[in-house]
Each structure stands twice: as structure tokens, then as C-alpha cells.
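Text of start13.cif, listed as mmCIF, C-alpha atoms:
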data_work
loop_
_atom_site.label_atom_id
_atom_site.label_comp_id
_atom_site.auth_asym_id
_atom_site.auth_seq_id
_atom_site.Cartn_x
_atom_site.Cartn_y
_atom_site.Cartn_z
CA MET A 1 -21.19 151.10 19.21
CA VAL A 2 -24.76 152.18 18.52
CA PRO A 3 -27.19 149.25 18.76
CA SER A 4 -28.56 148.23 15.36
CA GLY A 5 -31.81 149.95 14.52
CA TYR A 6 -31.78 152.28 17.53
CA LEU A 7 -31.29 155.52 15.63
CA LYS A 8 -33.80 154.46 12.99
CA LEU A 9 -36.38 154.03 15.70
CA LEU A 10 -35.67 157.52 16.95
CA THR A 11 -36.45 158.92 13.51
CA ILE A 12 -39.94 157.51 13.79
CA GLY A 13 -40.73 158.57 17.32
CA LEU A 14 -39.61 158.91 20.92
CA SER A 15 -40.59 156.04 23.15
CA VAL A 16 -43.09 155.92 25.99
CA GLU A 17 -40.05 155.83 28.25
CA LEU A 18 -39.31 159.44 27.32
CA LEU A 19 -42.80 160.56 28.23
CA LEU A 20 -42.62 158.75 31.55
CA SER A 21 -39.16 160.13 32.33
CA LEU A 22 -40.39 163.67 31.74
CA SER A 23 -42.94 163.27 34.51
CA LEU A 24 -40.19 162.28 36.95
CA ALA A 25 -38.16 165.47 36.50
CA ALA A 26 -37.38 167.03 39.84
CA ASP A 27 -37.57 170.49 38.36
CA ALA A 28 -40.83 169.95 36.48
CA GLN A 29 -43.73 172.26 37.14
CA PRO A 30 -46.24 170.59 39.51
CA LYS A 31 -49.14 170.96 37.06
CA LEU A 32 -47.30 169.39 34.14
CA LYS A 33 -48.87 166.04 33.31
CA VAL A 34 -47.60 163.47 30.83
CA THR A 35 -49.83 161.42 28.60
CA ASN A 36 -49.25 157.71 28.15
CA ALA A 37 -48.58 158.02 24.42
CA THR A 38 -45.64 157.91 22.07
CA PHE A 39 -44.11 161.05 20.58
CA LEU A 40 -44.25 161.22 16.82
CA GLN A 41 -41.02 162.95 16.00
CA LYS A 42 -41.42 166.11 13.93
CA ASN A 43 -37.83 166.78 13.05
CA THR A 44 -36.50 169.45 10.73
CA THR A 45 -33.00 170.14 9.51
CA VAL A 46 -31.65 173.52 8.45
CA SER A 47 -28.19 174.53 7.26
CA GLN A 48 -25.50 177.21 7.43
CA GLU A 49 -23.34 177.39 4.34
CA ASN A 50 -20.16 178.61 6.06
CA PHE A 51 -20.15 175.78 8.58
CA THR A 52 -17.78 172.84 8.04
CA PRO A 53 -19.34 169.68 9.53
CA PRO A 54 -16.95 167.63 11.68
CA LYS A 55 -15.92 164.28 10.22
CA GLN A 56 -14.31 162.57 13.20
CA GLY A 57 -16.36 161.02 15.98
CA LYS A 58 -19.66 161.47 14.17
CA PRO A 59 -22.47 159.05 15.13
CA LYS A 60 -23.36 156.57 12.44
CA ASP A 61 -26.78 158.03 11.76
CA THR A 62 -27.59 161.69 12.34
CA SER A 63 -30.33 161.91 9.74
CA GLY A 64 -33.68 163.38 10.66
CA ALA A 65 -37.16 162.13 9.91
CA GLY A 66 -39.82 163.91 7.93
CA SER A 67 -39.61 166.98 5.71
CA ARG A 68 -39.41 170.73 6.23
CA SER A 69 -43.06 170.83 7.24
CA ASP A 70 -44.27 173.64 9.48
CA LEU A 71 -43.98 172.78 13.16
CA LYS A 72 -46.30 174.83 15.30
CA CYS A 73 -48.62 174.59 18.27
CA SER A 74 -51.70 175.52 16.26
CA GLN A 75 -52.68 176.61 12.77
CA LYS A 76 -53.09 180.15 14.08
CA GLU A 77 -49.43 180.34 15.10
CA GLY A 78 -46.23 180.69 13.09
CA ALA A 79 -43.83 177.85 12.43
CA ILE A 80 -41.09 177.07 14.97
CA GLN A 81 -37.64 176.50 13.48
CA PRO A 82 -34.35 175.43 15.09
CA LEU A 83 -30.93 176.73 14.10
CA MET A 84 -29.11 173.50 13.28
CA PRO A 85 -26.18 172.36 11.12
CA LYS A 86 -27.02 170.76 7.80
CA LYS A 87 -25.98 167.27 8.89
CA ASN A 88 -27.68 167.53 12.31
CA TYR A 89 -24.28 167.21 14.01
CA GLY A 90 -21.87 169.77 15.46
CA LEU A 91 -19.14 170.18 18.05
CA THR A 92 -18.92 172.44 21.08
CA LEU A 93 -16.33 173.62 23.58
CA GLN A 94 -19.07 174.43 26.07
CA GLU A 95 -20.04 172.25 29.03
CA ARG A 96 -23.70 172.96 28.34
CA PRO A 97 -24.31 174.07 24.74
CA THR A 98 -27.23 176.33 23.92
CA ILE A 99 -29.91 175.18 21.47
CA PHE A 100 -31.41 178.09 19.52
CA ILE A 101 -34.83 178.17 17.87
CA GLN A 102 -36.96 180.78 16.20
CA MET A 103 -39.99 181.07 18.45
CA PRO A 104 -43.00 182.93 17.00
CA LYS A 105 -45.81 184.20 19.18
CA THR A 106 -47.17 181.06 20.74
CA SER A 107 -49.36 179.72 23.50
CA ALA A 108 -46.52 177.46 24.66
CA ARG A 109 -45.01 178.42 28.02
CA GLN A 110 -42.14 175.94 28.34
CA VAL A 111 -39.89 173.46 26.58
CA VAL A 112 -38.20 170.25 27.63
CA LEU A 113 -34.50 169.92 26.75
CA MET A 114 -33.18 166.36 27.00
CA PHE A 115 -29.84 164.71 26.24
CA ARG A 116 -29.21 161.00 25.62
CA ASP A 117 -25.94 159.24 24.87
CA GLU A 118 -25.21 157.16 21.77
CA THR A 119 -26.64 154.03 23.35
CA GLY A 120 -29.94 155.78 24.00
CA GLU A 121 -29.40 156.03 27.74
CA PHE A 122 -30.90 159.09 29.42
CA TYR A 123 -28.21 161.60 30.45
CA GLU A 124 -29.83 164.86 31.52
CA ARG A 125 -33.05 166.83 31.18
CA ALA A 126 -34.57 170.17 32.17
CA PHE A 127 -37.90 171.95 31.90
CA LEU A 128 -37.21 175.51 30.76
CA PRO A 129 -39.58 178.50 30.51
CA ILE A 130 -40.21 180.38 27.27
CA ASN A 131 -39.42 183.95 28.30
CA SER A 132 -39.81 185.67 24.95
CA HIS A 133 -41.66 185.27 21.67
CA ASP A 134 -41.33 186.28 18.05
CA ALA A 135 -37.54 186.02 18.27
CA ILE A 136 -34.54 183.70 18.20
CA ILE A 137 -34.17 182.33 21.72
CA GLY A 138 -31.75 179.86 23.29
CA PHE A 139 -32.21 177.03 25.78
CA THR A 140 -29.38 175.76 27.97
CA LEU A 141 -29.19 173.18 30.73
CA PRO A 142 -29.07 174.93 34.15
CA LYS A 143 -25.74 174.92 35.99
CA GLN A 144 -27.04 172.44 38.56
CA LYS A 145 -27.39 169.87 35.77
CA GLN A 146 -24.37 167.73 34.94
CA PRO A 147 -22.28 168.98 32.00
CA LEU A 148 -21.72 166.97 28.84
CA ALA A 149 -18.71 164.68 29.07
CA VAL A 150 -15.69 165.50 26.90
CA GLY A 151 -15.39 163.33 23.79
CA LYS A 152 -18.94 161.97 24.03
CA SER A 153 -21.68 162.42 21.44
CA TYR A 154 -25.19 163.18 22.65
CA GLN A 155 -28.52 163.37 20.92
CA TRP A 156 -30.51 166.32 22.20
CA SER A 157 -34.27 166.64 21.97
CA LEU A 158 -36.16 169.90 22.37
CA VAL A 159 -39.88 169.47 22.96
CA VAL A 160 -42.09 172.57 22.75
CA VAL A 161 -44.90 171.95 25.24
CA CYS A 162 -47.91 173.55 23.59
CA GLY A 163 -50.34 173.14 26.48
CA ASP A 164 -50.31 172.19 30.14
CA SER A 165 -49.09 168.68 29.38
CA VAL A 166 -46.73 166.99 26.94
CA GLN A 167 -48.73 165.68 24.00
CA PRO A 168 -47.88 163.30 21.10
CA ASP A 169 -48.18 166.07 18.52
CA ASP A 170 -46.05 168.66 20.32
CA PRO A 171 -43.21 169.91 18.07
CA VAL A 172 -39.98 167.98 18.66
CA PHE A 173 -36.55 168.93 17.31
CA MET A 174 -33.51 166.66 17.52
CA GLY A 175 -29.81 166.96 16.77
CA TRP A 176 -26.39 165.70 17.80
CA VAL A 177 -23.56 167.41 19.66
CA GLN A 178 -20.13 166.37 20.90
CA ARG A 179 -18.16 168.28 23.52
CA VAL A 180 -14.48 168.87 22.72
CA GLN A 181 -11.78 169.46 25.33
CA ARG A 182 -10.55 173.05 25.66
CA THR A 183 -6.81 172.58 25.22
CA PRO A 184 -4.18 175.31 25.68
CA GLU A 185 -3.56 175.16 21.94
CA LEU A 186 -7.21 175.84 21.11
CA GLU A 187 -7.40 178.62 23.68
CA SER A 188 -4.30 180.22 22.18
CA GLU A 189 -5.73 180.06 18.66
CA LEU A 190 -9.03 181.57 19.76
CA ARG A 191 -7.36 184.43 21.65
CA GLN A 192 -5.70 185.46 18.42
CA LYS A 193 -9.11 186.07 16.85
CA LYS A 194 -9.76 189.65 17.93
CA THR A 195 -13.04 190.34 16.12
CA THR A 196 -16.38 188.58 16.20
CA THR A 197 -16.09 187.89 12.47
CA GLU A 198 -12.76 186.11 12.99
CA GLN A 199 -14.12 184.13 15.94
CA VAL A 200 -17.22 183.05 14.01
CA ALA A 201 -15.07 181.92 11.09
CA TRP A 202 -12.74 180.03 13.44
CA TYR A 203 -15.61 178.18 15.10
CA GLY A 204 -17.28 177.40 11.76
CA GLU A 205 -14.15 176.06 10.08
CA ARG A 206 -13.56 173.65 12.98
CA GLY A 207 -17.12 172.35 13.24
CA TYR A 208 -18.03 174.16 16.49
CA TRP A 209 -21.58 174.93 15.40
CA TYR A 210 -23.08 175.65 18.82
CA ASP A 211 -20.26 178.02 19.78
CA MET A 212 -20.47 179.76 16.41
CA VAL A 213 -24.18 180.51 16.75
CA SER A 214 -23.85 181.53 20.41
CA THR A 215 -21.05 183.96 19.52
CA ILE A 216 -23.15 185.59 16.81
CA VAL A 217 -26.22 185.89 19.04
CA GLN A 218 -24.33 187.30 22.03
CA ALA A 219 -22.38 189.79 19.91
CA LYS A 220 -25.51 191.01 18.15
CA GLN A 221 -27.29 191.52 21.47
CA SER A 222 -24.36 193.61 22.74
CA ASN A 223 -23.93 195.57 19.50
CA PRO A 224 -27.27 195.51 17.64
CA ASP A 225 -26.26 198.34 15.28
CA ASP A 226 -22.90 196.90 14.22
CA ALA A 227 -23.09 196.62 10.42
CA LYS A 228 -20.82 193.56 10.20
CA LEU A 229 -22.78 191.72 12.89
CA VAL A 230 -26.06 192.59 11.22
CA ALA A 231 -24.73 191.16 7.94
CA ILE A 232 -23.46 187.98 9.63
CA TRP A 233 -26.80 187.52 11.38
CA ARG A 234 -28.74 188.10 8.17
CA ASP A 235 -26.61 185.56 6.30
CA LEU A 236 -27.09 183.00 9.05
CA LEU A 237 -30.87 183.38 9.08
CA GLU A 238 -31.10 183.33 5.29
CA SER A 239 -29.11 180.09 5.15
CA GLU A 240 -31.53 178.66 7.70
CA GLY A 241 -34.51 179.72 5.63
CA ILE A 242 -35.63 182.12 8.36
CA SER A 243 -36.95 185.57 7.55
CA ASN A 244 -35.76 188.43 9.72
#

How would this structure read if it were set down as C-alpha cells?
Amino acid sequence: MVPSGYLKLLTIGLSVELLLSLSLAADAQPKLKVTNATFLQKNTTVSQENFTPPKQGKPKDTSGAGSRSDLKCSQKEGAIQPLMPKKNYGLTLQERPTIFIQMPKTSARQVVLMFRDETGEFYERAFLPINSHDAIIGFTLPKQKQPLAVGKSYQWSLVVVCGDSVQPDDPVFMGWVQRVQRTPELESELRQKKTTTEQVAWYGERGYWYDMVSTIVQAKQSNPDDAKLVAIWRDLLESEGISN
């Protein structure tokens, strides 16, 4: 059971505890310093029309705070946008789901990806480098980090570190994910989907948002000139309000 008022507090801002916990990361860069301030959450929600949000096991409150305001490191840079389901909540079959964002050219060099459980307890966190710009890029917990537990819902937070230290006004994106067990029945169903289009539809109809987006991204990278993949990718970005 989620403690009363907990999720509402998260829609206003992340606590000082988060800032302090970031500084304790074993894999943090030595020069990264954390200010003793509270994050003001800058959360945005985007949608994908062909995605069917899961109804079972959903946390009580997955709403985001704020509006679709531009989130960026400076006024000279383009807006950063995440690829997220409309209701901020999706399923995954992956141990460590990938969070995708549109990253314009930016001065930021790294992000912080953090997961907390439904009670607000810290679960896992990683500092990850930004290796490309002006593109859709994904961030995944490294293999040495513990995987998400099956059947558990987690709130992830992705902080774009604009400078050398985490600051209160750094862009923060938040969403919810639940890992589902890979059963023989699910594996059998998925194996019957021979094309990327069929796989994407299968994931979307069952609420596996993170797997759906990962499948599209990976397929497009392998076959950038495939007309069907180009169309799927264009439709996804258009539904997210992202120009391509």
C-alpha cells in the first residue's frame, strides 16, 4: 500500500534525500558534487496512440506534475523530451528496461537513472554518460546493478545533469514501470510474431511499453531504410509530439 500523500509529494519535488543519495553512488564520477537543495520536479508526459495501458497492478497515482513546458539545460538549447506512455505507466519483460529520451545538442555530459519502489524506498541508481546528441537515445541500468523484481512496480527518475553537479533546476523526468515474468506461454506467443510490425503490435496491445519502444529503436538501427520501420518510427514520434 502506498503511504498517503507520498506520490503527491513526488509530484512537487524530489527530497533532499535523493540529492544526498546521488553523492553516495559508487559509480559516480569523482568530480560530481551534489548541492544541498531540493529538486523541483519538471515532469512531462507524452503518449503513443497504439499503446494499450495496463490496468492490473497499476500504482494508485501515476500522474505527473506541471505542463508540457520545455525542459532544457539552457535557453540556447533545444527541449529534452522522454518517450513515455500517456498514463506514465507501462509494463516490461526486461530485467532492466531502457528509458528513451530525445536529446538535443546539449552541454550536459551525463544523466542519473534511479528506481524507487512503491513505498518510496531507494532500489537502484546509476550515473550514465550521454554518448550522443540531437537524437533519440536510451539509458539502461548496467548489468552489475540489480534487476527489477518480477511483479513489482517502480518509479524511475531520469535526471539530466546540466553541469558538473546536480542542481535544483536540472530537468527531471519520472514514470512508472512493472516487470512481468517471461512465461513459456508469452515466449510462445512472441515467437509467432515474425515481423517487427507484428512484435510491436503484440507488445503495445499487452501494455509492454518499454519493450515496444526498444523493439522499434533496435529494428530501425539495424534496418534504417526499411519503409515499414520508417513509418512506424514516424508515427511513434508524431504521437509523442517530437519532430523527426

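With all atoms listed in the file as the atoms that count, the residue of A:Gln192, A:Gln178, A:Thr183, A:Ser239 with the shortest distance to Trp156 in chain A is A:Gln178.
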
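Using all atoms listed in the file, the nearest neighbour of Pro104 in chain A within the list A:Val180, A:Val172, A:Asn88, A:Ile242 is A:Ile242.
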
Select, counting only C-alpha atoms, all protein, DNA and RNA residues no farther than 7 Å from (-38.2, 168.5, 23.7) in file coordinates, and express the selection as a VMD selection string. chain A and resid 111 to 114 157 to 160 172 to 173

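The smallest atom-to-atom distance between Asp164 in chain A and any of A:Arg206, A:His133, A:Ser107, A:Thr197, using all atoms listed in the file, is found for A:Ser107.
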
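Picked by the PyMOL selection byres ((chain A and resi 230) around 12) from the coordinates shown: Thr196, Thr197, Ile216, Val217, Ala219, Lys220, Gln221, Ser222, Asn223, Pro224, Asp225, Asp226, Ala227, Lys228, Leu229, Ala231, Ile232, Trp233, Arg234, Asp235, Leu236, Leu237 and Asn244 of chain A.
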
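Within 9 Å of the point (-43.0, 175.8, 13.3), and counting only C-alpha atoms, the protein, DNA and RNA residues are A:Ser69, A:Asp70, A:Leu71, A:Lys72, A:Cys73, A:Glu77, A:Gly78, A:Ala79, A:Ile80, A:Gln81, A:Pro82, A:Gln102, A:Met103, A:Pro104, A:Pro171.
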
Practice item. Give me the result of the PyMOL selection byres ((chain A and resi 208) around 12) on this file, residue by residue, as a VMD selection string. Key: chain A and resid 50 to 55 84 to 85 89 to 94 97 176 to 182 186 199 to 207 209 to 215

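One finds CA of Arg116 in chain A at 12.5 Å from CA of Gln146 in chain A.
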
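Pairwise distance (CA of Gln155 in chain A, CA of Ile130 in chain A) equals 21.6 Å.
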
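For the atom pair formed by CA of Leu141 in chain A and CA of Arg96 in chain A, the distance is 6.0 Å, given to one decimal.
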
Would you translate the PyMOL selection byres ((chain A and resi 117-123) around 6) into the concrete set of residues it matches in this file, as a short mmCIF file (atom, residue, chain, number, x, y, z; two decimals) with C-alpha atoms, in the frame of the given file?
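Ended up saving to out.cif:
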data_model
loop_
_atom_site.label_atom_id
_atom_site.label_comp_id
_atom_site.auth_asym_id
_atom_site.auth_seq_id
_atom_site.Cartn_x
_atom_site.Cartn_y
_atom_site.Cartn_z
CA VAL A 2 -24.76 152.18 18.52
CA PHE A 115 -29.84 164.71 26.24
CA ARG A 116 -29.21 161.00 25.62
CA GLU A 124 -29.83 164.86 31.52
CA TYR A 154 -25.19 163.18 22.65
#

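Distances here use all atoms listed in the file; by that measure, the residue among A:Lys145, A:Arg191, A:Lys152, A:Arg109 closest to Asn131 in chain A is A:Arg109.
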
First collect every listed atom of range 220-225 of chain A; then fit an axis-aligned box around them, widen it by 8 Å on each side, and give centre and edge lengths in Å to one decimal, as JSON.
{"center_x": -25.6, "center_y": 194.7, "center_z": 19.0, "size_x": 19.4, "size_y": 23.3, "size_z": 23.5}
